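**Q** For reference, this is protein-v4.txt, and it has compact mmCIF, C-alpha atoms.
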```txt
# COMPACT_ATOMS: atom_id res chain seq x y z
CA MET A 1 -13.63 2.68 25.90
CA THR A 2 -12.51 6.11 24.70
CA GLN A 3 -9.78 6.03 27.36
CA ILE A 4 -8.34 2.83 25.92
CA HIS A 5 -8.33 4.32 22.43
CA GLU A 6 -6.63 7.48 23.73
CA TYR A 7 -4.02 5.39 25.52
CA TYR A 8 -2.92 3.56 22.38
CA LEU A 9 -3.26 6.65 20.24
CA LYS A 10 -0.92 8.54 22.58
CA MET A 11 1.48 5.64 22.27
CA ALA A 12 1.40 6.01 18.47
CA VAL A 13 2.00 9.77 18.73
CA ASP A 14 4.90 9.18 21.14
CA LEU A 15 6.45 6.75 18.66
CA ALA A 16 6.03 9.37 15.93
CA LEU A 17 7.72 12.05 18.01
CA LYS A 18 10.62 9.77 18.97
CA ASN A 19 11.04 8.88 15.32
CA ALA A 20 11.14 12.58 14.41
CA GLU A 21 13.77 13.15 17.10
CA LYS A 22 15.90 10.48 15.43
CA GLY A 23 15.60 12.27 12.07
CA GLY A 24 12.64 10.30 10.73
CA ARG A 25 9.25 11.43 9.57
CA PRO A 26 6.62 12.05 12.28
CA PHE A 27 4.48 8.96 11.94
CA GLY A 28 3.92 6.08 14.34
CA ALA A 29 1.42 3.25 14.58
CA VAL A 30 0.37 0.69 17.16
CA LEU A 31 -1.46 -2.49 16.20
CA VAL A 32 -3.53 -4.00 18.99
CA LYS A 33 -5.22 -7.37 19.26
CA ASP A 34 -7.20 -8.61 22.27
CA ASP A 35 -6.12 -5.53 24.22
CA GLN A 36 -2.45 -6.27 23.72
CA VAL A 37 0.10 -4.52 21.52
CA LEU A 38 0.89 -6.98 18.75
CA ALA A 39 3.14 -4.73 16.67
CA THR A 40 4.31 -1.15 16.30
CA GLY A 41 5.78 0.77 13.40
CA VAL A 42 7.31 4.10 12.56
CA ASN A 43 7.97 5.78 9.24
CA GLU A 44 11.41 4.54 8.18
CA ILE A 45 11.53 5.81 4.61
CA LEU A 46 14.48 8.10 5.27
CA ALA A 47 16.44 5.44 7.16
CA THR A 48 15.78 2.60 4.71
CA ASN A 49 15.02 4.30 1.37
CA ASP A 50 12.04 1.93 1.19
CA PRO A 51 9.02 4.05 0.17
CA THR A 52 6.62 1.47 1.61
CA CYS A 53 7.99 1.74 5.16
CA HIS A 54 5.03 3.72 6.45
CA ALA A 55 4.23 3.24 10.13
CA GLU A 56 0.97 1.37 9.56
CA LEU A 57 2.29 -0.83 6.75
CA SER A 58 5.30 -1.82 8.84
CA ALA A 59 3.08 -2.65 11.81
CA ILE A 60 0.80 -4.73 9.56
CA ARG A 61 3.77 -6.58 8.12
CA GLN A 62 5.19 -7.26 11.57
CA ALA A 63 1.83 -8.42 12.93
CA SER A 64 1.38 -10.84 10.02
CA GLN A 65 4.73 -12.40 10.81
CA LYS A 66 3.89 -12.72 14.50
CA LEU A 67 0.55 -14.35 13.73
CA GLN A 68 1.95 -16.22 10.72
CA SER A 69 -1.11 -15.13 8.78
CA PRO A 70 -1.91 -12.43 6.23
CA ARG A 71 -5.34 -12.06 7.87
CA LEU A 72 -5.61 -9.56 10.71
CA GLU A 73 -9.28 -9.72 11.65
CA GLY A 74 -9.90 -8.44 15.15
CA CYS A 75 -6.87 -6.16 15.09
CA VAL A 76 -7.19 -2.42 15.71
CA ILE A 77 -4.76 0.15 14.32
CA TYR A 78 -3.85 3.36 16.10
CA ALA A 79 -1.97 5.76 13.85
CA SER A 80 -0.55 9.15 14.74
CA GLY A 81 -1.58 10.50 11.34
CA GLN A 82 -4.48 9.80 9.01
CA PRO A 83 -3.62 6.65 7.07
CA CYS A 84 -2.63 7.22 3.47
CA PRO A 85 -4.50 5.20 0.82
CA MET A 86 -1.66 2.65 0.61
CA CYS A 87 -1.99 1.87 4.31
CA LEU A 88 -5.80 2.06 4.43
CA SER A 89 -5.96 -0.32 1.45
CA ALA A 90 -3.65 -2.70 3.32
CA MET A 91 -6.13 -2.62 6.20
CA TYR A 92 -8.94 -3.59 3.82
CA LEU A 93 -6.76 -6.34 2.33
CA THR A 94 -6.07 -7.85 5.77
CA GLY A 95 -9.54 -7.60 7.29
CA ILE A 96 -8.70 -4.96 9.88
CA GLN A 97 -12.00 -3.34 10.78
CA GLU A 98 -11.15 -0.54 13.20
CA ALA A 99 -8.67 2.34 13.10
CA TYR A 100 -8.06 5.61 14.94
CA PHE A 101 -5.82 8.54 14.10
CA ALA A 102 -4.84 11.69 15.97
CA TYR A 103 -3.83 14.06 13.17
CA SER A 104 -5.93 14.41 10.04
CA ASN A 105 -4.88 15.22 6.50
CA ALA A 106 -6.19 18.73 7.16
CA ASP A 107 -3.89 18.98 10.20
CA GLY A 108 -0.98 17.80 8.06
CA GLU A 109 -1.61 19.90 4.99
CA PRO A 110 0.22 23.08 6.20
CA TYR A 111 3.25 20.87 6.88
CA GLY A 112 3.19 19.04 3.56
CA LEU A 113 1.97 15.91 5.32
CA SER A 114 -1.42 15.33 3.73
CA THR A 115 -2.15 12.45 1.37
CA ALA A 116 -5.53 13.88 0.38
CA PRO A 117 -4.26 14.55 -3.18
CA ILE A 118 -3.57 10.83 -3.68
CA TYR A 119 -7.07 9.95 -2.45
CA SER A 120 -8.40 12.41 -5.04
CA GLU A 121 -6.44 10.77 -7.84
CA LEU A 122 -7.67 7.29 -6.93
CA GLN A 123 -11.26 8.47 -7.28
CA LYS A 124 -10.79 9.46 -10.91
CA PRO A 125 -11.30 7.21 -13.92
CA LEU A 126 -7.97 5.75 -15.04
CA ASP A 127 -7.70 7.96 -18.11
CA GLN A 128 -7.95 11.09 -15.98
CA GLN A 129 -5.38 10.22 -13.35
CA LYS A 130 -1.96 11.83 -13.05
CA ILE A 131 -0.31 8.45 -13.44
CA GLN A 132 -0.76 7.28 -17.00
CA ILE A 133 -2.20 3.86 -16.26
CA ARG A 134 -3.43 1.79 -19.18
CA TYR A 135 -5.33 -1.44 -19.63
CA MET A 136 -3.60 -3.30 -22.43
CA PRO A 137 -5.08 -6.77 -22.95
CA LEU A 138 -2.62 -9.07 -24.68
CA GLU A 139 -3.68 -10.89 -27.79
CA GLN A 140 -4.05 -14.56 -27.02
CA ASN A 141 -6.50 -17.37 -27.31
CA ALA A 142 -9.13 -17.78 -24.62
CA SER A 143 -7.54 -20.89 -23.11
CA ALA A 144 -4.46 -18.87 -22.21
CA HIS A 145 -6.47 -16.60 -19.88
CA LEU A 146 -4.19 -16.18 -16.88
CA TYR A 147 -6.86 -16.36 -14.21
CA LYS A 148 -8.55 -19.35 -15.85
CA GLN A 149 -5.22 -21.17 -15.87
CA TRP A 150 -4.73 -20.26 -12.21
CA LYS A 151 -8.14 -21.70 -11.30
CA GLN A 152 -7.24 -24.92 -13.09
CA ILE A 153 -3.82 -25.16 -11.46
CA SER A 154 -5.04 -24.38 -7.96
CA LYS A 155 -7.93 -26.84 -7.97
CA MET B 156 6.29 1.78 -28.65
CA THR B 157 3.30 -0.52 -28.16
CA GLN B 158 5.58 -3.47 -28.94
CA ILE B 159 7.89 -2.58 -26.08
CA HIS B 160 4.96 -2.29 -23.70
CA GLU B 161 3.63 -5.66 -24.86
CA TYR B 162 7.05 -7.22 -24.40
CA TYR B 163 7.32 -6.23 -20.74
CA LEU B 164 3.65 -6.90 -20.10
CA LYS B 165 4.06 -10.45 -21.41
CA MET B 166 7.03 -10.80 -19.08
CA ALA B 167 4.81 -9.78 -16.15
CA VAL B 168 2.11 -12.27 -17.19
CA ASP B 169 4.72 -15.02 -17.53
CA LEU B 170 5.95 -14.28 -14.01
CA ALA B 171 2.36 -14.45 -12.78
CA LEU B 172 1.78 -17.82 -14.44
CA LYS B 173 5.03 -19.26 -13.10
CA ASN B 174 4.06 -18.05 -9.64
CA ALA B 175 0.68 -19.74 -9.98
CA GLU B 176 2.40 -22.96 -11.03
CA LYS B 177 4.41 -22.80 -7.81
CA GLY B 178 1.22 -22.44 -5.76
CA GLY B 179 1.17 -18.66 -5.52
CA ARG B 180 -1.43 -16.16 -6.62
CA PRO B 181 -1.42 -15.20 -10.33
CA PHE B 182 0.20 -11.80 -10.20
CA GLY B 183 3.52 -10.59 -11.55
CA ALA B 184 5.11 -7.20 -12.12
CA VAL B 185 8.10 -5.83 -13.97
CA LEU B 186 9.59 -2.45 -13.15
CA VAL B 187 11.52 -0.85 -15.98
CA LYS B 188 13.80 2.15 -16.02
CA ASP B 189 15.64 3.46 -19.08
CA ASP B 190 14.50 0.42 -21.08
CA GLN B 191 16.05 -1.99 -18.61
CA VAL B 192 14.38 -4.27 -16.08
CA LEU B 193 15.23 -2.81 -12.70
CA ALA B 194 13.11 -5.14 -10.55
CA THR B 195 10.44 -7.80 -10.77
CA GLY B 196 7.93 -9.07 -8.26
CA VAL B 197 5.32 -11.78 -7.82
CA ASN B 198 2.55 -12.16 -5.29
CA GLU B 199 4.13 -13.96 -2.34
CA ILE B 200 1.37 -13.62 0.24
CA LEU B 201 0.81 -17.37 0.48
CA ALA B 202 4.53 -18.17 0.73
CA THR B 203 5.38 -15.43 3.24
CA ASN B 204 2.10 -14.69 5.07
CA ASP B 205 2.96 -11.03 4.44
CA PRO B 206 -0.24 -9.38 3.12
CA THR B 207 1.78 -6.55 1.55
CA CYS B 208 3.76 -8.87 -0.75
CA HIS B 209 1.85 -7.91 -3.87
CA ALA B 210 3.80 -8.13 -7.12
CA GLU B 211 3.97 -4.37 -7.71
CA LEU B 212 4.77 -3.46 -4.10
CA SER B 213 7.59 -6.01 -4.00
CA ALA B 214 9.01 -4.69 -7.27
CA ILE B 215 8.82 -1.12 -5.95
CA ARG B 216 10.55 -2.12 -2.73
CA GLN B 217 13.28 -3.96 -4.62
CA ALA B 218 13.81 -1.06 -7.06
CA SER B 219 14.15 1.41 -4.19
CA GLN B 220 16.89 -0.72 -2.69
CA LYS B 221 18.71 -0.99 -6.02
CA LEU B 222 18.55 2.77 -6.56
CA GLN B 223 19.01 3.50 -2.85
CA SER B 224 16.18 5.98 -3.12
CA PRO B 225 12.49 6.01 -2.27
CA ARG B 226 11.87 8.07 -5.42
CA LEU B 227 11.20 6.17 -8.62
CA GLU B 228 10.60 8.91 -11.16
CA GLY B 229 11.10 7.69 -14.69
CA CYS B 230 10.23 4.11 -13.83
CA VAL B 231 7.43 2.27 -15.63
CA ILE B 232 5.46 -0.58 -14.06
CA TYR B 233 4.07 -3.48 -16.04
CA ALA B 234 1.63 -5.55 -13.98
CA SER B 235 -0.20 -8.69 -15.03
CA GLY B 236 -3.31 -7.54 -13.15
CA GLN B 237 -4.87 -4.15 -12.52
CA PRO B 238 -3.01 -2.63 -9.57
CA CYS B 239 -4.93 -2.64 -6.29
CA PRO B 240 -5.23 0.70 -4.48
CA MET B 241 -2.36 -0.21 -2.13
CA CYS B 242 0.00 -0.67 -5.06
CA LEU B 243 -1.34 2.25 -7.10
CA SER B 244 -0.96 4.51 -4.05
CA ALA B 245 2.64 3.31 -3.69
CA MET B 246 3.21 4.39 -7.29
CA TYR B 247 1.89 7.87 -6.47
CA LEU B 248 4.07 7.98 -3.34
CA THR B 249 7.21 7.16 -5.34
CA GLY B 250 6.64 9.36 -8.37
CA ILE B 251 6.09 6.55 -10.86
CA GLN B 252 4.15 8.09 -13.74
CA GLU B 253 3.39 5.25 -16.12
CA ALA B 254 1.83 1.82 -15.69
CA TYR B 255 0.31 -0.90 -17.87
CA PHE B 256 -1.73 -3.95 -16.94
CA ALA B 257 -3.03 -6.92 -18.94
CA TYR B 258 -6.00 -8.11 -16.86
CA SER B 259 -8.52 -5.65 -15.46
CA ASN B 260 -10.60 -5.83 -12.31
CA ALA B 261 -13.53 -6.76 -14.57
CA ASP B 262 -11.45 -9.66 -15.96
CA GLY B 263 -10.62 -10.75 -12.42
CA GLU B 264 -14.05 -10.39 -10.87
CA PRO B 265 -15.39 -13.84 -11.90
CA TYR B 266 -12.30 -15.38 -10.27
CA GLY B 267 -12.50 -13.37 -7.05
CA LEU B 268 -9.49 -11.32 -8.16
CA SER B 269 -10.93 -7.82 -8.38
CA THR B 270 -10.02 -5.06 -5.94
CA ALA B 271 -12.76 -2.76 -7.25
CA PRO B 272 -14.67 -3.06 -3.93
CA ILE B 273 -11.70 -1.55 -2.06
CA TYR B 274 -11.51 1.34 -4.53
CA SER B 275 -15.22 1.92 -3.83
CA GLU B 276 -14.65 2.03 -0.07
CA LEU B 277 -11.80 4.54 -0.39
CA GLN B 278 -14.10 6.93 -2.25
CA LYS B 279 -16.53 7.13 0.64
CA PRO B 280 -16.41 9.60 3.52
CA LEU B 281 -14.70 8.01 6.53
CA ASP B 282 -17.92 7.58 8.48
CA GLN B 283 -19.47 5.55 5.69
CA GLN B 284 -16.62 3.13 5.09
CA LYS B 285 -16.65 -0.54 6.06
CA ILE B 286 -13.58 -0.01 8.23
CA GLN B 287 -14.56 2.02 11.25
CA ILE B 288 -11.90 4.70 10.96
CA ARG B 289 -12.11 7.63 13.35
CA TYR B 290 -10.35 10.96 13.74
CA MET B 291 -9.68 11.35 17.45
CA PRO B 292 -7.61 14.48 18.18
CA LEU B 293 -5.82 14.19 21.50
CA GLU B 294 -6.25 16.91 24.06
CA GLN B 295 -3.04 18.85 24.34
CA ASN B 296 -1.72 22.36 24.22
CA ALA B 297 -0.92 23.84 20.84
CA SER B 298 2.86 23.74 21.36
CA ALA B 299 2.68 19.95 21.56
CA HIS B 300 1.36 19.71 17.98
CA LEU B 301 3.25 16.75 16.55
CA TYR B 302 3.87 18.20 13.09
CA LYS B 303 4.90 21.57 14.50
CA GLN B 304 7.44 19.83 16.71
CA TRP B 305 8.69 17.86 13.71
CA LYS B 306 9.19 21.06 11.71
CA GLN B 307 11.17 22.53 14.58
CA ILE B 308 13.29 19.41 15.03
CA SER B 309 14.00 18.94 11.34
CA LYS B 310 15.06 22.53 10.65
```
For this file, write the structure as structure tokens.

**A**
Amino acid sequence: MTQIHEYYLKMAVDLALKNAEKGGRPFGAVLVKDDQVLATGVNEILATNDPTCHAELSAIRQASQKLQSPRLEGCVIYASGQPCPMCLSAMYLTGIQEAYFAYSNADGEPYGLSTAPIYSELQKPLDQQKIQIRYMPLEQNASAHLYKQWKQISK
Amino acid sequence: MTQIHEYYLKMAVDLALKNAEKGGRPFGAVLVKDDQVLATGVNEILATNDPTCHAELSAIRQASQKLQSPRLEGCVIYASGQPCPMCLSAMYLTGIQEAYFAYSNADGEPYGLSTAPIYSELQKPLDQQKIQIRYMPLEQNASAHLYKQWKQISK
């Protein structure tokens, strides 16, 4: 089993290296389902200016379009680098239950490629985070509660 | 200042409600820069099958294309619901430093709309998380270190 994981992980690292050779950032990902490659992704932030074009997020997006479903249970992600919290959260949101990476945040830190500081921020209470993020309930009567209205509409 | 925040926050909640009325999930976001609306987003997961189409992530993506930059310093996000860790991480990745939301995870919990459980998972060490996520360094000589190669290529 380890050999299979290494095979796909090497594929992800190769994608990352090829992306770097084209001027991109050194991140690649391979999304596998039923022992077949369903989608791949590389970091395309520099090419697209889209800050969400991380390798894993792009692979997840592509896989969802192929399966025509936002649910990716049974899929496995192989990522060259340790998934950042945006991408790991996307895995939780889609039901992905298995992931492997070849280079950790500690490996990336000397190169400015660690997202450990963002993980640290997310652990803090809102009022202690670097982003000033505030809960500001709007004054309104109880019947206007957004989620209550949604439940009524979507019945 | 509070009035301005309430104004944009109401706009985000209105977008969320309109999205719900169209059969979508009740989430909306407004991204503001220099007191002008730069981008808006609603949750389009059901319409697109793309699990990353959260309101805030879509607004961030759209703003980056308008500015032709992945950096969104000086932008403020107004979100109807408390940002999930995917979207909050995207804010950290883009340099957004200010955010407001009208409905908290606690408000959403009775309706199945809280992402607090994902925040909890992200706080745990990798080997204790629900997703089986494993660091698997590939055997290779030191000169093949992906990030080292990237540094050399991108000099």

**Q** Could you produce a table of the residues of chain A lying within 6 Å of chain B, with the nearest pair of atoms per residue and their separation in Å rounded to one decimal, using only C-alpha atoms, ordered by chain and increasing residue number, as JSON lines?

**A**
```
{"residue": "A:Ala20", "atom": "CA", "partner": "B:Trp305", "partner_atom": "CA", "distance": 5.9}
{"residue": "A:Asn49", "atom": "CA", "partner": "B:Pro225", "partner_atom": "CA", "distance": 4.8}
{"residue": "A:Asp50", "atom": "CA", "partner": "B:Pro225", "partner_atom": "CA", "distance": 5.4}
{"residue": "A:Pro51", "atom": "CA", "partner": "B:Pro225", "partner_atom": "CA", "distance": 4.7}
{"residue": "A:Arg61", "atom": "CA", "partner": "B:Asp205", "partner_atom": "CA", "distance": 5.8}
{"residue": "A:Ser64", "atom": "CA", "partner": "B:Asp205", "partner_atom": "CA", "distance": 5.8}
{"residue": "A:Gln68", "atom": "CA", "partner": "B:Asn204", "partner_atom": "CA", "distance": 5.9}
{"residue": "A:Ser69", "atom": "CA", "partner": "B:Asn204", "partner_atom": "CA", "distance": 4.9}
{"residue": "A:Pro70", "atom": "CA", "partner": "B:Pro206", "partner_atom": "CA", "distance": 4.7}
{"residue": "A:Met86", "atom": "CA", "partner": "B:Met241", "partner_atom": "CA", "distance": 4.0}
{"residue": "A:Ser89", "atom": "CA", "partner": "B:Met241", "partner_atom": "CA", "distance": 5.1}
{"residue": "A:Gln97", "atom": "CA", "partner": "B:Ile286", "partner_atom": "CA", "distance": 4.5}
{"residue": "A:Glu98", "atom": "CA", "partner": "B:Gln287", "partner_atom": "CA", "distance": 4.7}
{"residue": "A:Ala99", "atom": "CA", "partner": "B:Ile288", "partner_atom": "CA", "distance": 4.5}
{"residue": "A:Tyr100", "atom": "CA", "partner": "B:Arg289", "partner_atom": "CA", "distance": 4.8}
{"residue": "A:Phe101", "atom": "CA", "partner": "B:Tyr290", "partner_atom": "CA", "distance": 5.1}
{"residue": "A:Ala102", "atom": "CA", "partner": "B:Pro292", "partner_atom": "CA", "distance": 4.5}
{"residue": "A:Gln123", "atom": "CA", "partner": "B:Gln278", "partner_atom": "CA", "distance": 6.0}
{"residue": "A:Ile131", "atom": "CA", "partner": "B:Gln252", "partner_atom": "CA", "distance": 4.5}
{"residue": "A:Gln132", "atom": "CA", "partner": "B:Glu253", "partner_atom": "CA", "distance": 4.7}
{"residue": "A:Ile133", "atom": "CA", "partner": "B:Ala254", "partner_atom": "CA", "distance": 4.6}
{"residue": "A:Arg134", "atom": "CA", "partner": "B:Tyr255", "partner_atom": "CA", "distance": 4.8}
{"residue": "A:Tyr135", "atom": "CA", "partner": "B:Phe256", "partner_atom": "CA", "distance": 5.1}
{"residue": "A:Met136", "atom": "CA", "partner": "B:Ala257", "partner_atom": "CA", "distance": 5.1}
{"residue": "A:Pro137", "atom": "CA", "partner": "B:Ala257", "partner_atom": "CA", "distance": 4.5}
{"residue": "A:Trp150", "atom": "CA", "partner": "B:Ala175", "partner_atom": "CA", "distance": 5.9}
```

**Q** Please return the superposed copy of chain A as a tab-separated table (two decimals) with C-alpha atoms, in the coordinates of the input; the fit should be least squares onto chain B across all sequentially paired Cα atoms.

**A**
```tsv
chain	number	residue	atom	x	y	z
A	1	MET	CA	6.30	1.77	-28.65
A	2	THR	CA	3.31	-0.52	-28.15
A	3	GLN	CA	5.58	-3.48	-28.94
A	4	ILE	CA	7.91	-2.57	-26.08
A	5	HIS	CA	4.98	-2.28	-23.69
A	6	GLU	CA	3.64	-5.66	-24.85
A	7	TYR	CA	7.06	-7.23	-24.38
A	8	TYR	CA	7.32	-6.23	-20.73
A	9	LEU	CA	3.66	-6.89	-20.09
A	10	LYS	CA	4.07	-10.45	-21.40
A	11	MET	CA	7.03	-10.80	-19.08
A	12	ALA	CA	4.81	-9.78	-16.14
A	13	VAL	CA	2.11	-12.26	-17.19
A	14	ASP	CA	4.73	-15.02	-17.53
A	15	LEU	CA	5.95	-14.28	-14.00
A	16	ALA	CA	2.35	-14.46	-12.78
A	17	LEU	CA	1.78	-17.81	-14.44
A	18	LYS	CA	5.03	-19.27	-13.09
A	19	ASN	CA	4.07	-18.05	-9.65
A	20	ALA	CA	0.67	-19.75	-9.98
A	21	GLU	CA	2.41	-22.97	-11.03
A	22	LYS	CA	4.42	-22.81	-7.80
A	23	GLY	CA	1.21	-22.47	-5.76
A	24	GLY	CA	1.16	-18.68	-5.55
A	25	ARG	CA	-1.43	-16.18	-6.63
A	26	PRO	CA	-1.43	-15.20	-10.33
A	27	PHE	CA	0.19	-11.79	-10.19
A	28	GLY	CA	3.52	-10.60	-11.55
A	29	ALA	CA	5.10	-7.21	-12.13
A	30	VAL	CA	8.10	-5.83	-13.98
A	31	LEU	CA	9.59	-2.44	-13.15
A	32	VAL	CA	11.52	-0.85	-15.99
A	33	LYS	CA	13.81	2.15	-16.03
A	34	ASP	CA	15.67	3.47	-19.09
A	35	ASP	CA	14.51	0.44	-21.07
A	36	GLN	CA	16.05	-1.98	-18.61
A	37	VAL	CA	14.38	-4.27	-16.08
A	38	LEU	CA	15.23	-2.81	-12.70
A	39	ALA	CA	13.12	-5.14	-10.57
A	40	THR	CA	10.44	-7.80	-10.76
A	41	GLY	CA	7.93	-9.09	-8.25
A	42	VAL	CA	5.33	-11.77	-7.82
A	43	ASN	CA	2.54	-12.16	-5.29
A	44	GLU	CA	4.13	-13.97	-2.35
A	45	ILE	CA	1.37	-13.64	0.23
A	46	LEU	CA	0.81	-17.38	0.47
A	47	ALA	CA	4.53	-18.17	0.71
A	48	THR	CA	5.38	-15.45	3.23
A	49	ASN	CA	2.11	-14.70	5.06
A	50	ASP	CA	2.95	-11.03	4.44
A	51	PRO	CA	-0.24	-9.38	3.13
A	52	THR	CA	1.77	-6.56	1.54
A	53	CYS	CA	3.77	-8.88	-0.75
A	54	HIS	CA	1.85	-7.90	-3.87
A	55	ALA	CA	3.81	-8.12	-7.11
A	56	GLU	CA	3.97	-4.37	-7.70
A	57	LEU	CA	4.77	-3.46	-4.10
A	58	SER	CA	7.59	-6.00	-4.00
A	59	ALA	CA	9.01	-4.69	-7.27
A	60	ILE	CA	8.82	-1.11	-5.95
A	61	ARG	CA	10.56	-2.12	-2.74
A	62	GLN	CA	13.28	-3.95	-4.63
A	63	ALA	CA	13.80	-1.07	-7.06
A	64	SER	CA	14.15	1.41	-4.19
A	65	GLN	CA	16.89	-0.72	-2.69
A	66	LYS	CA	18.71	-1.00	-6.01
A	67	LEU	CA	18.55	2.75	-6.56
A	68	GLN	CA	19.01	3.49	-2.85
A	69	SER	CA	16.18	5.98	-3.12
A	70	PRO	CA	12.48	6.02	-2.26
A	71	ARG	CA	11.88	8.09	-5.41
A	72	LEU	CA	11.20	6.17	-8.61
A	73	GLU	CA	10.60	8.92	-11.15
A	74	GLY	CA	11.11	7.71	-14.70
A	75	CYS	CA	10.23	4.12	-13.83
A	76	VAL	CA	7.43	2.28	-15.62
A	77	ILE	CA	5.46	-0.57	-14.06
A	78	TYR	CA	4.06	-3.48	-16.02
A	79	ALA	CA	1.62	-5.55	-13.98
A	80	SER	CA	-0.20	-8.69	-15.02
A	81	GLY	CA	-3.32	-7.53	-13.18
A	82	GLN	CA	-4.85	-4.13	-12.51
A	83	PRO	CA	-3.01	-2.63	-9.56
A	84	CYS	CA	-4.93	-2.63	-6.31
A	85	PRO	CA	-5.24	0.71	-4.48
A	86	MET	CA	-2.37	-0.21	-2.12
A	87	CYS	CA	-0.01	-0.66	-5.06
A	88	LEU	CA	-1.34	2.27	-7.11
A	89	SER	CA	-0.96	4.52	-4.05
A	90	ALA	CA	2.64	3.31	-3.70
A	91	MET	CA	3.20	4.40	-7.30
A	92	TYR	CA	1.88	7.87	-6.47
A	93	LEU	CA	4.06	7.98	-3.34
A	94	THR	CA	7.21	7.16	-5.34
A	95	GLY	CA	6.64	9.36	-8.38
A	96	ILE	CA	6.08	6.55	-10.86
A	97	GLN	CA	4.15	8.11	-13.73
A	98	GLU	CA	3.38	5.26	-16.12
A	99	ALA	CA	1.82	1.82	-15.67
A	100	TYR	CA	0.30	-0.90	-17.85
A	101	PHE	CA	-1.74	-3.95	-16.94
A	102	ALA	CA	-3.03	-6.91	-18.92
A	103	TYR	CA	-6.00	-8.09	-16.86
A	104	SER	CA	-8.52	-5.64	-15.47
A	105	ASN	CA	-10.59	-5.83	-12.31
A	106	ALA	CA	-13.51	-6.77	-14.56
A	107	ASP	CA	-11.45	-9.66	-15.96
A	108	GLY	CA	-10.62	-10.76	-12.42
A	109	GLU	CA	-14.05	-10.40	-10.87
A	110	PRO	CA	-15.41	-13.86	-11.90
A	111	TYR	CA	-12.31	-15.37	-10.28
A	112	GLY	CA	-12.51	-13.38	-7.06
A	113	LEU	CA	-9.51	-11.33	-8.15
A	114	SER	CA	-10.93	-7.83	-8.37
A	115	THR	CA	-10.03	-5.06	-5.94
A	116	ALA	CA	-12.77	-2.77	-7.25
A	117	PRO	CA	-14.67	-3.06	-3.93
A	118	ILE	CA	-11.70	-1.56	-2.05
A	119	TYR	CA	-11.52	1.33	-4.53
A	120	SER	CA	-15.22	1.93	-3.83
A	121	GLU	CA	-14.65	2.04	-0.08
A	122	LEU	CA	-11.80	4.53	-0.38
A	123	GLN	CA	-14.09	6.92	-2.24
A	124	LYS	CA	-16.54	7.13	0.65
A	125	PRO	CA	-16.39	9.60	3.52
A	126	LEU	CA	-14.70	8.01	6.53
A	127	ASP	CA	-17.91	7.59	8.49
A	128	GLN	CA	-19.45	5.54	5.69
A	129	GLN	CA	-16.61	3.13	5.09
A	130	LYS	CA	-16.64	-0.54	6.07
A	131	ILE	CA	-13.58	-0.02	8.22
A	132	GLN	CA	-14.56	2.02	11.25
A	133	ILE	CA	-11.91	4.70	10.96
A	134	ARG	CA	-12.09	7.63	13.35
A	135	TYR	CA	-10.34	10.95	13.75
A	136	MET	CA	-9.67	11.36	17.45
A	137	PRO	CA	-7.62	14.48	18.18
A	138	LEU	CA	-5.83	14.20	21.51
A	139	GLU	CA	-6.26	16.92	24.06
A	140	GLN	CA	-3.05	18.87	24.36
A	141	ASN	CA	-1.73	22.36	24.22
A	142	ALA	CA	-0.91	23.88	20.85
A	143	SER	CA	2.86	23.73	21.35
A	144	ALA	CA	2.68	19.95	21.54
A	145	HIS	CA	1.36	19.70	17.96
A	146	LEU	CA	3.26	16.75	16.53
A	147	TYR	CA	3.86	18.18	13.09
A	148	LYS	CA	4.90	21.56	14.48
A	149	GLN	CA	7.44	19.82	16.70
A	150	TRP	CA	8.69	17.86	13.70
A	151	LYS	CA	9.19	21.06	11.70
A	152	GLN	CA	11.18	22.53	14.57
A	153	ILE	CA	13.30	19.41	15.02
A	154	SER	CA	14.01	18.93	11.33
A	155	LYS	CA	15.05	22.52	10.64
```

**Q** So which one's closest to B:Gly183, B:Ile159, B:Cys230, B:Leu281, B:Leu170? Using all atoms listed in the file, please.

**A**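 Selected residue with least distance to B:Gly183: B:Leu170.
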
**Q** What is the atom CA of A:Asp35 to atom CA of A:Met1 distance in Å?

**A**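 These atoms are spaced 11.3 Å apart.
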
**Q** I'd like the contact shell of B:His209 - 7 Å cut-off, all atoms listed in the file, skipping same-chain residues fewer than 6 positions apart - returned as a list in words.

**A**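 Near B:His209, the qualifying residues are Val197, Asn198 and Glu199 of chain B.
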
**Q** One decimal, Å: what's the distance from atom CA of A:Ser114 over to atom CA of A:Glu56, could you say?

**A**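 Computing it gives 15.3 Å between the two atoms.
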
**Q** Please report the interatomic distance between atom CA of B:Ala214 and atom CA of B:Thr195 in Å with one decimal.

**A**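 The value is 4.9 Å.
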